[in-house]
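File shown here: protein-v7.pdb, holding PDB, C-alpha atoms and all ligand atoms.
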```
ATOM      1  CA  MET A   1     -15.684  17.055  25.126  1.00  0.00           C
ATOM      2  CA  SER A   2     -11.932  17.127  25.058  1.00  0.00           C
ATOM      3  CA  ILE A   3      -9.765  14.396  26.482  1.00  0.00           C
ATOM      4  CA  PRO A   4      -6.032  14.653  27.025  1.00  0.00           C
ATOM      5  CA  ALA A   5      -3.648  13.048  24.554  1.00  0.00           C
ATOM      6  CA  GLY A   6      -2.620   9.626  25.711  1.00  0.00           C
ATOM      7  CA  ALA A   7      -6.039   9.043  27.259  1.00  0.00           C
ATOM      8  CA  ILE A   8      -7.742   7.892  24.078  1.00  0.00           C
ATOM      9  CA  PRO A   9     -10.190   5.113  24.909  1.00  0.00           C
ATOM     10  CA  VAL A  10      -9.319   1.862  23.182  1.00  0.00           C
ATOM     11  CA  SER A  11     -12.594   1.888  21.254  1.00  0.00           C
ATOM     12  CA  ALA A  12     -12.198   5.486  20.007  1.00  0.00           C
ATOM     13  CA  ILE A  13     -12.006   5.569  16.219  1.00  0.00           C
ATOM     14  CA  PRO A  14     -10.389   8.538  14.466  1.00  0.00           C
ATOM     15  CA  VAL A  15     -12.671   9.729  11.662  1.00  0.00           C
ATOM     16  CA  GLY A  16     -10.796  12.733  10.319  1.00  0.00           C
ATOM     17  CA  SER A  17      -9.125  16.044  10.997  1.00  0.00           C
ATOM     18  CA  ILE A  18     -10.895  18.741  13.000  1.00  0.00           C
ATOM     19  CA  ASP A  19      -9.943  21.035  10.097  1.00  0.00           C
ATOM     20  CA  ASP A  20     -12.459  19.196   7.901  1.00  0.00           C
ATOM     21  CA  LEU A  21     -15.318  20.500  10.059  1.00  0.00           C
ATOM     22  CA  THR A  22     -16.912  23.948  10.010  1.00  0.00           C
ATOM     23  CA  PRO A  23     -18.076  25.434  13.319  1.00  0.00           C
ATOM     24  CA  GLY A  24     -21.858  25.256  13.558  1.00  0.00           C
ATOM     25  CA  GLU A  25     -22.190  22.623  10.862  1.00  0.00           C
ATOM     26  CA  GLY A  26     -22.286  18.857  10.595  1.00  0.00           C
ATOM     27  CA  ARG A  27     -20.577  16.266   8.453  1.00  0.00           C
ATOM     28  CA  ALA A  28     -21.426  12.608   7.955  1.00  0.00           C
ATOM     29  CA  TYR A  29     -18.910   9.805   8.334  1.00  0.00           C
ATOM     30  CA  VAL A  30     -19.170   6.046   8.133  1.00  0.00           C
ATOM     31  CA  VAL A  31     -17.793   4.696  11.406  1.00  0.00           C
ATOM     32  CA  ASP A  32     -17.633   0.949  11.946  1.00  0.00           C
ATOM     33  CA  GLY A  33     -20.383   0.500   9.350  1.00  0.00           C
ATOM     34  CA  LYS A  34     -22.684   3.131  10.885  1.00  0.00           C
ATOM     35  CA  GLN A  35     -23.536   6.525   9.396  1.00  0.00           C
ATOM     36  CA  VAL A  36     -22.586   9.051  12.058  1.00  0.00           C
ATOM     37  CA  ALA A  37     -23.191  12.798  11.963  1.00  0.00           C
ATOM     38  CA  VAL A  38     -20.445  14.836  13.619  1.00  0.00           C
ATOM     39  CA  PHE A  39     -20.966  18.456  14.616  1.00  0.00           C
ATOM     40  CA  LEU A  40     -18.362  21.049  15.552  1.00  0.00           C
ATOM     41  CA  LEU A  41     -19.808  23.520  18.027  1.00  0.00           C
ATOM     42  CA  ALA A  42     -18.768  27.148  18.381  1.00  0.00           C
ATOM     43  CA  ASP A  43     -16.844  26.325  21.572  1.00  0.00           C
ATOM     44  CA  GLY A  44     -14.589  23.903  19.661  1.00  0.00           C
ATOM     45  CA  THR A  45     -16.140  20.726  21.097  1.00  0.00           C
ATOM     46  CA  VAL A  46     -17.671  18.019  18.946  1.00  0.00           C
ATOM     47  CA  ARG A  47     -20.833  15.911  19.196  1.00  0.00           C
ATOM     48  CA  ALA A  48     -21.740  12.737  17.333  1.00  0.00           C
ATOM     49  CA  MET A  49     -25.057  11.005  16.684  1.00  0.00           C
ATOM     50  CA  ASP A  50     -26.666   8.647  14.209  1.00  0.00           C
ATOM     51  CA  ALA A  51     -26.860  10.482  10.878  1.00  0.00           C
ATOM     52  CA  VAL A  52     -30.305   9.182   9.916  1.00  0.00           C
ATOM     53  CA  CYS A  53     -33.354  10.898  11.396  1.00  0.00           C
ATOM     54  CA  PRO A  54     -35.700   8.397  13.091  1.00  0.00           C
ATOM     55  CA  HIS A  55     -38.738  10.213  11.695  1.00  0.00           C
ATOM     56  CA  LYS A  56     -38.401   9.608   7.948  1.00  0.00           C
ATOM     57  CA  GLY A  57     -34.700   9.186   7.373  1.00  0.00           C
ATOM     58  CA  GLY A  58     -33.627  12.807   6.960  1.00  0.00           C
ATOM     59  CA  PRO A  59     -29.893  13.616   6.846  1.00  0.00           C
ATOM     60  CA  LEU A  60     -29.153  15.021  10.296  1.00  0.00           C
ATOM     61  CA  ALA A  61     -25.603  16.065   9.317  1.00  0.00           C
ATOM     62  CA  ASP A  62     -27.249  18.638   7.026  1.00  0.00           C
ATOM     63  CA  GLY A  63     -29.398  19.981   9.861  1.00  0.00           C
ATOM     64  CA  GLN A  64     -29.071  23.401  11.410  1.00  0.00           C
ATOM     65  CA  ILE A  65     -27.596  23.699  14.895  1.00  0.00           C
ATOM     66  CA  ASP A  66     -29.464  25.938  17.306  1.00  0.00           C
ATOM     67  CA  GLY A  67     -27.769  26.043  20.698  1.00  0.00           C
ATOM     68  CA  SER A  68     -27.592  22.460  21.923  1.00  0.00           C
ATOM     69  CA  VAL A  69     -29.951  20.925  19.378  1.00  0.00           C
ATOM     70  CA  VAL A  70     -29.846  20.007  15.699  1.00  0.00           C
ATOM     71  CA  MET A  71     -32.912  20.488  13.517  1.00  0.00           C
ATOM     72  CA  CYS A  72     -33.611  17.867  10.867  1.00  0.00           C
ATOM     73  CA  PRO A  73     -33.755  19.565   7.447  1.00  0.00           C
ATOM     74  CA  LEU A  74     -36.790  17.573   6.281  1.00  0.00           C
ATOM     75  CA  HIS A  75     -39.522  18.247   8.848  1.00  0.00           C
ATOM     76  CA  GLN A  76     -37.746  20.382  11.463  1.00  0.00           C
ATOM     77  CA  TYR A  77     -37.881  18.017  14.417  1.00  0.00           C
ATOM     78  CA  THR A  78     -35.062  18.802  16.821  1.00  0.00           C
ATOM     79  CA  PHE A  79     -32.704  16.461  18.670  1.00  0.00           C
ATOM     80  CA  SER A  80     -30.434  17.189  21.603  1.00  0.00           C
ATOM     81  CA  LEU A  81     -26.791  17.079  20.558  1.00  0.00           C
ATOM     82  CA  ASP A  82     -25.937  15.781  24.042  1.00  0.00           C
ATOM     83  CA  THR A  83     -28.593  13.113  24.597  1.00  0.00           C
ATOM     84  CA  GLY A  84     -30.241  12.564  21.199  1.00  0.00           C
ATOM     85  CA  ALA A  85     -33.658  13.140  22.764  1.00  0.00           C
ATOM     86  CA  CYS A  86     -36.411  14.723  20.690  1.00  0.00           C
ATOM     87  CA  PRO A  87     -38.596  17.119  22.717  1.00  0.00           C
ATOM     88  CA  SER A  88     -41.453  16.531  20.260  1.00  0.00           C
ATOM     89  CA  GLY A  89     -41.718  12.948  21.440  1.00  0.00           C
ATOM     90  CA  ILE A  90     -40.612  10.913  18.442  1.00  0.00           C
ATOM     91  CA  ASP A  91     -37.821   8.383  18.840  1.00  0.00           C
ATOM     92  CA  SER A  92     -34.506   9.688  20.061  1.00  0.00           C
ATOM     93  CA  VAL A  93     -31.263   9.445  18.115  1.00  0.00           C
ATOM     94  CA  ARG A  94     -28.338   7.471  19.438  1.00  0.00           C
ATOM     95  CA  THR A  95     -25.402   9.644  20.438  1.00  0.00           C
ATOM     96  CA  TYR A  96     -21.757   8.621  20.678  1.00  0.00           C
ATOM     97  CA  PRO A  97     -18.868   9.943  22.784  1.00  0.00           C
ATOM     98  CA  ALA A  98     -16.789  12.236  20.582  1.00  0.00           C
ATOM     99  CA  ALA A  99     -13.613  14.152  21.239  1.00  0.00           C
ATOM    100  CA  VAL A 100     -10.802  16.023  19.543  1.00  0.00           C
ATOM    101  CA  VAL A 101      -7.401  14.480  20.224  1.00  0.00           C
ATOM    102  CA  ASP A 102      -4.260  15.889  18.631  1.00  0.00           C
ATOM    103  CA  GLY A 103      -6.334  17.577  15.927  1.00  0.00           C
ATOM    104  CA  LYS A 104      -8.274  14.428  15.064  1.00  0.00           C
ATOM    105  CA  VAL A 105     -11.957  13.811  15.718  1.00  0.00           C
ATOM    106  CA  THR A 106     -12.488  10.493  17.484  1.00  0.00           C
ATOM    107  CA  ILE A 107     -15.774   8.671  17.976  1.00  0.00           C
ATOM    108  CA  GLN A 108     -16.621   5.729  20.217  1.00  0.00           C
ATOM    109  CA  VAL A 109     -19.206   3.515  18.547  1.00  0.00           C
TER     110      VAL A 109
HETATM  111  S1  LIG B   1     -37.153  13.051   8.474  1.00  0.00           S
HETATM  112 FE1  LIG B   1     -36.303  14.185  10.098  1.00  0.00          FE
HETATM  113  S2  LIG B   1     -37.966  15.313  10.876  1.00  0.00           S
HETATM  114 FE2  LIG B   1     -38.828  14.115   9.284  1.00  0.00          FE
END
```

As structure tokens, what does this structure read like?
Amino acid sequence: MSIPAGAIPVSAIPVGSIDDLTPGEGRAYVVDGKQVAVFLLADGTVRAMDAVCPHKGGPLADGQIDGSVVMCPLHQYTFSLDTGACPSGIDSVRTYPAAVVDGKVTIQV
């Protein structure tokens, strides 16, 4: 998602430069006391979700992206990058609105 400059929601928190992210990979940030995994997709958009897997606490920021899902590196459950839902039926992961504004990644938590 990309929002125009000047339209940054009041609650959007800048977490870092887009240059710190690698397309197709994730990175974990602490945002307002929460561990949040941020992913840069091949199309230049970003997604954000809780960084801790609800199964057994795996690090989702280290997971592999496959299309619109991320696969937890511990037991390979997948979660939608858009909704956080897990098609295998375990708990979903909370997602957060994320955007790139003036080269900075912003998250609403
Ligand atoms: S800890 Fe993530 S799938 Fe098991």

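Straight-line separation from atom CA of Leu21 of chain A to atom CA of Ser92 of chain A: 24.2 Å.
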
#### Entry: Proximity to Asp43 of chain A - best of A:Ala61, A:Ser17, A:Gly24, A:Val109, all atoms listed in the file
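Under the stated criterion, the closest residue is A:Gly24.
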
### Task
Could you please determine the separation between atom CA of Thr78 of chain A and atom CA of Ala28 of chain A in Å, to one decimal place?
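Value for the atom CA of Thr78 of chain A-atom CA of Ala28 of chain A distance: 17.4 Å.
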
Would you list the residues that come within 10 Å of ligand LIG 1 (chain B)? Count all atoms listed in the file and give the answer as an mmCIF file with C-alpha atoms, in the coordinates of the input.
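Below you can see result-v1.cif, which holds the result:
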```cif
data_model
loop_
_atom_site.group_PDB
_atom_site.id
_atom_site.type_symbol
_atom_site.label_atom_id
_atom_site.label_comp_id
_atom_site.auth_asym_id
_atom_site.auth_seq_id
_atom_site.Cartn_x
_atom_site.Cartn_y
_atom_site.Cartn_z
ATOM 1 C CA VAL A 52 -30.305 9.182 9.916
ATOM 2 C CA CYS A 53 -33.354 10.898 11.396
ATOM 3 C CA PRO A 54 -35.700 8.397 13.091
ATOM 4 C CA HIS A 55 -38.738 10.213 11.695
ATOM 5 C CA LYS A 56 -38.401 9.608 7.948
ATOM 6 C CA GLY A 57 -34.700 9.186 7.373
ATOM 7 C CA GLY A 58 -33.627 12.807 6.960
ATOM 8 C CA PRO A 59 -29.893 13.616 6.846
ATOM 9 C CA LEU A 60 -29.153 15.021 10.296
ATOM 10 C CA GLY A 63 -29.398 19.981 9.861
ATOM 11 C CA MET A 71 -32.912 20.488 13.517
ATOM 12 C CA CYS A 72 -33.611 17.867 10.867
ATOM 13 C CA PRO A 73 -33.755 19.565 7.447
ATOM 14 C CA LEU A 74 -36.790 17.573 6.281
ATOM 15 C CA HIS A 75 -39.522 18.247 8.848
ATOM 16 C CA GLN A 76 -37.746 20.382 11.463
ATOM 17 C CA TYR A 77 -37.881 18.017 14.417
ATOM 18 C CA THR A 78 -35.062 18.802 16.821
ATOM 19 C CA PHE A 79 -32.704 16.461 18.670
ATOM 20 C CA CYS A 86 -36.411 14.723 20.690
ATOM 21 C CA ILE A 90 -40.612 10.913 18.442
#
```

### Query
A:Gly67, A:Gly84, A:Gly89, A:Pro14: which is nearest Asp102 of chain A, counting all atoms listed in the file?
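Looking only at the distances to Asp102 of chain A, the closest residue turns out to be A:Pro14.
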
### Query
Expanded to explicit residues, what is the PyMOL selection byres (((chain A and resi 97) around 6) and not hetatm) for this file, as JSON, numbers by chain?
{"A": [96, 98, 107, 108]}

### Query
With distances taken over only C-alpha atoms, which of A:Gln35, A:Ser80, A:Gly44, A:Asp66 is nearest to Val101 of chain A?
A:Gly44

### Task
Using only C-alpha atoms, pick whichever of A:Ala51, A:Val30, A:Val69, A:Leu41 has the shortest atom-to-atom distance to Pro87 of chain A.
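Closest candidate: A:Val69.
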
#### Entry: Separation of atom CA of Val105 of chain A from atom CA of Ser68 of chain A in Å
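These atoms are spaced 18.9 Å apart.
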
### Query
Just so the selection is clear, what residues does the PyMOL selection byres (((chain A and resi 39) around 7) and not hetatm) cover here, as a ChimeraX atom specification?
/A:24-27,37-38,40-41,46-48

For C-alpha atoms, I'd like the residues from the last selection saved as a short mmCIF file (atom, residue, chain, number, x, y, z; two decimals), in the coordinates of the input.
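Now in part08.cif:
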```
data_model
loop_
_atom_site.label_atom_id
_atom_site.label_comp_id
_atom_site.auth_asym_id
_atom_site.auth_seq_id
_atom_site.Cartn_x
_atom_site.Cartn_y
_atom_site.Cartn_z
CA GLY A 24 -21.86 25.26 13.56
CA GLU A 25 -22.19 22.62 10.86
CA GLY A 26 -22.29 18.86 10.60
CA ARG A 27 -20.58 16.27 8.45
CA ALA A 37 -23.19 12.80 11.96
CA VAL A 38 -20.44 14.84 13.62
CA LEU A 40 -18.36 21.05 15.55
CA LEU A 41 -19.81 23.52 18.03
CA VAL A 46 -17.67 18.02 18.95
CA ARG A 47 -20.83 15.91 19.20
CA ALA A 48 -21.74 12.74 17.33
#
```

### Query
So which one's closest to Pro23 of chain A, A:Val100, A:Val70, A:Val36, A:Ala42? Using all atoms listed in the file, please.
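Counting all atoms listed in the file, the residue closest to Pro23 of chain A is A:Ala42.
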
Please supply segment 48-59 of chain A, rebuilt with all heavy atoms, as a PDB file, keeping the file's coordinate frame.
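Writing done, so here's out-v8.pdb:
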```pdb
ATOM      1  N   ALA A  48     -21.491  13.737  18.370  1.00  0.00           N
ATOM      2  CA  ALA A  48     -21.740  12.737  17.333  1.00  0.00           C
ATOM      3  C   ALA A  48     -23.051  12.017  17.617  1.00  0.00           C
ATOM      4  O   ALA A  48     -23.387  11.743  18.780  1.00  0.00           O
ATOM      5  CB  ALA A  48     -20.590  11.733  17.285  1.00  0.00           C
ATOM      6  N   MET A  49     -23.788  11.729  16.559  1.00  0.00           N
ATOM      7  CA  MET A  49     -25.057  11.005  16.684  1.00  0.00           C
ATOM      8  C   MET A  49     -25.335  10.269  15.381  1.00  0.00           C
ATOM      9  O   MET A  49     -24.697  10.553  14.355  1.00  0.00           O
ATOM     10  CB  MET A  49     -26.205  11.971  16.999  1.00  0.00           C
ATOM     11  CG  MET A  49     -26.439  13.006  15.927  1.00  0.00           C
ATOM     12  SD  MET A  49     -27.938  14.034  16.174  1.00  0.00           S
ATOM     13  CE  MET A  49     -27.867  14.515  17.867  1.00  0.00           C
ATOM     14  N   ASP A  50     -26.270   9.318  15.437  1.00  0.00           N
ATOM     15  CA  ASP A  50     -26.666   8.647  14.209  1.00  0.00           C
ATOM     16  C   ASP A  50     -27.056   9.698  13.173  1.00  0.00           C
ATOM     17  O   ASP A  50     -27.730  10.690  13.495  1.00  0.00           O
ATOM     18  CB  ASP A  50     -27.847   7.711  14.464  1.00  0.00           C
ATOM     19  CG  ASP A  50     -27.399   6.366  15.014  1.00  0.00           C
ATOM     20  OD1 ASP A  50     -26.235   5.983  14.784  1.00  0.00           O
ATOM     21  OD2 ASP A  50     -28.214   5.706  15.678  1.00  0.00           O
ATOM     22  N   ALA A  51     -26.657   9.474  11.919  1.00  0.00           N
ATOM     23  CA  ALA A  51     -26.860  10.482  10.878  1.00  0.00           C
ATOM     24  C   ALA A  51     -28.243  10.419  10.256  1.00  0.00           C
ATOM     25  O   ALA A  51     -28.620  11.310   9.502  1.00  0.00           O
ATOM     26  CB  ALA A  51     -25.792  10.328   9.792  1.00  0.00           C
ATOM     27  N   VAL A  52     -29.001   9.367  10.562  1.00  0.00           N
ATOM     28  CA  VAL A  52     -30.305   9.182   9.916  1.00  0.00           C
ATOM     29  C   VAL A  52     -31.416   9.522  10.906  1.00  0.00           C
ATOM     30  O   VAL A  52     -31.521   8.937  11.989  1.00  0.00           O
ATOM     31  CB  VAL A  52     -30.454   7.728   9.424  1.00  0.00           C
ATOM     32  CG1 VAL A  52     -31.805   7.532   8.760  1.00  0.00           C
ATOM     33  CG2 VAL A  52     -29.324   7.385   8.460  1.00  0.00           C
ATOM     34  N   CYS A  53     -32.246  10.473  10.532  1.00  0.00           N
ATOM     35  CA  CYS A  53     -33.354  10.898  11.396  1.00  0.00           C
ATOM     36  C   CYS A  53     -34.346   9.745  11.584  1.00  0.00           C
ATOM     37  O   CYS A  53     -34.739   9.093  10.611  1.00  0.00           O
ATOM     38  CB  CYS A  53     -34.057  12.090  10.757  1.00  0.00           C
ATOM     39  SG  CYS A  53     -35.475  12.677  11.707  1.00  0.00           S
ATOM     40  N   PRO A  54     -34.766   9.502  12.841  1.00  0.00           N
ATOM     41  CA  PRO A  54     -35.700   8.397  13.091  1.00  0.00           C
ATOM     42  C   PRO A  54     -37.117   8.683  12.598  1.00  0.00           C
ATOM     43  O   PRO A  54     -37.937   7.762  12.558  1.00  0.00           O
ATOM     44  CB  PRO A  54     -35.666   8.261  14.618  1.00  0.00           C
ATOM     45  CG  PRO A  54     -35.242   9.594  15.113  1.00  0.00           C
ATOM     46  CD  PRO A  54     -34.336  10.168  14.063  1.00  0.00           C
ATOM     47  N   HIS A  55     -37.397   9.910  12.181  1.00  0.00           N
ATOM     48  CA  HIS A  55     -38.738  10.213  11.695  1.00  0.00           C
ATOM     49  C   HIS A  55     -38.952   9.608  10.316  1.00  0.00           C
ATOM     50  O   HIS A  55     -39.686   8.639  10.167  1.00  0.00           O
ATOM     51  CB  HIS A  55     -38.965  11.736  11.680  1.00  0.00           C
ATOM     52  CG  HIS A  55     -40.317  12.131  11.188  1.00  0.00           C
ATOM     53  ND1 HIS A  55     -40.502  13.130  10.258  1.00  0.00           N
ATOM     54  CD2 HIS A  55     -41.556  11.647  11.478  1.00  0.00           C
ATOM     55  CE1 HIS A  55     -41.802  13.245  10.005  1.00  0.00           C
ATOM     56  NE2 HIS A  55     -42.463  12.366  10.741  1.00  0.00           N
ATOM     57  N   LYS A  56     -38.271  10.161   9.301  1.00  0.00           N
ATOM     58  CA  LYS A  56     -38.401   9.608   7.948  1.00  0.00           C
ATOM     59  C   LYS A  56     -37.067   9.576   7.227  1.00  0.00           C
ATOM     60  O   LYS A  56     -37.000   9.738   6.006  1.00  0.00           O
ATOM     61  CB  LYS A  56     -39.416  10.408   7.139  1.00  0.00           C
ATOM     62  CG  LYS A  56     -40.806  10.342   7.763  1.00  0.00           C
ATOM     63  CD  LYS A  56     -41.920  10.444   6.782  1.00  0.00           C
ATOM     64  CE  LYS A  56     -43.219  10.275   7.558  1.00  0.00           C
ATOM     65  NZ  LYS A  56     -44.339   9.934   6.754  1.00  0.00           N
ATOM     66  N   GLY A  57     -36.002   9.417   7.984  1.00  0.00           N
ATOM     67  CA  GLY A  57     -34.700   9.186   7.373  1.00  0.00           C
ATOM     68  C   GLY A  57     -33.960  10.414   6.894  1.00  0.00           C
ATOM     69  O   GLY A  57     -33.031  10.292   6.084  1.00  0.00           O
ATOM     70  N   GLY A  58     -34.315  11.585   7.388  1.00  0.00           N
ATOM     71  CA  GLY A  58     -33.627  12.807   6.960  1.00  0.00           C
ATOM     72  C   GLY A  58     -32.154  12.799   7.337  1.00  0.00           C
ATOM     73  O   GLY A  58     -31.747  12.128   8.284  1.00  0.00           O
ATOM     74  N   PRO A  59     -31.338  13.576   6.600  1.00  0.00           N
ATOM     75  CA  PRO A  59     -29.893  13.616   6.846  1.00  0.00           C
ATOM     76  C   PRO A  59     -29.546  14.612   7.954  1.00  0.00           C
ATOM     77  O   PRO A  59     -29.409  15.811   7.704  1.00  0.00           O
ATOM     78  CB  PRO A  59     -29.335  14.067   5.491  1.00  0.00           C
ATOM     79  CG  PRO A  59     -30.421  14.931   4.916  1.00  0.00           C
ATOM     80  CD  PRO A  59     -31.733  14.373   5.427  1.00  0.00           C
TER      81      PRO A  59
END
```
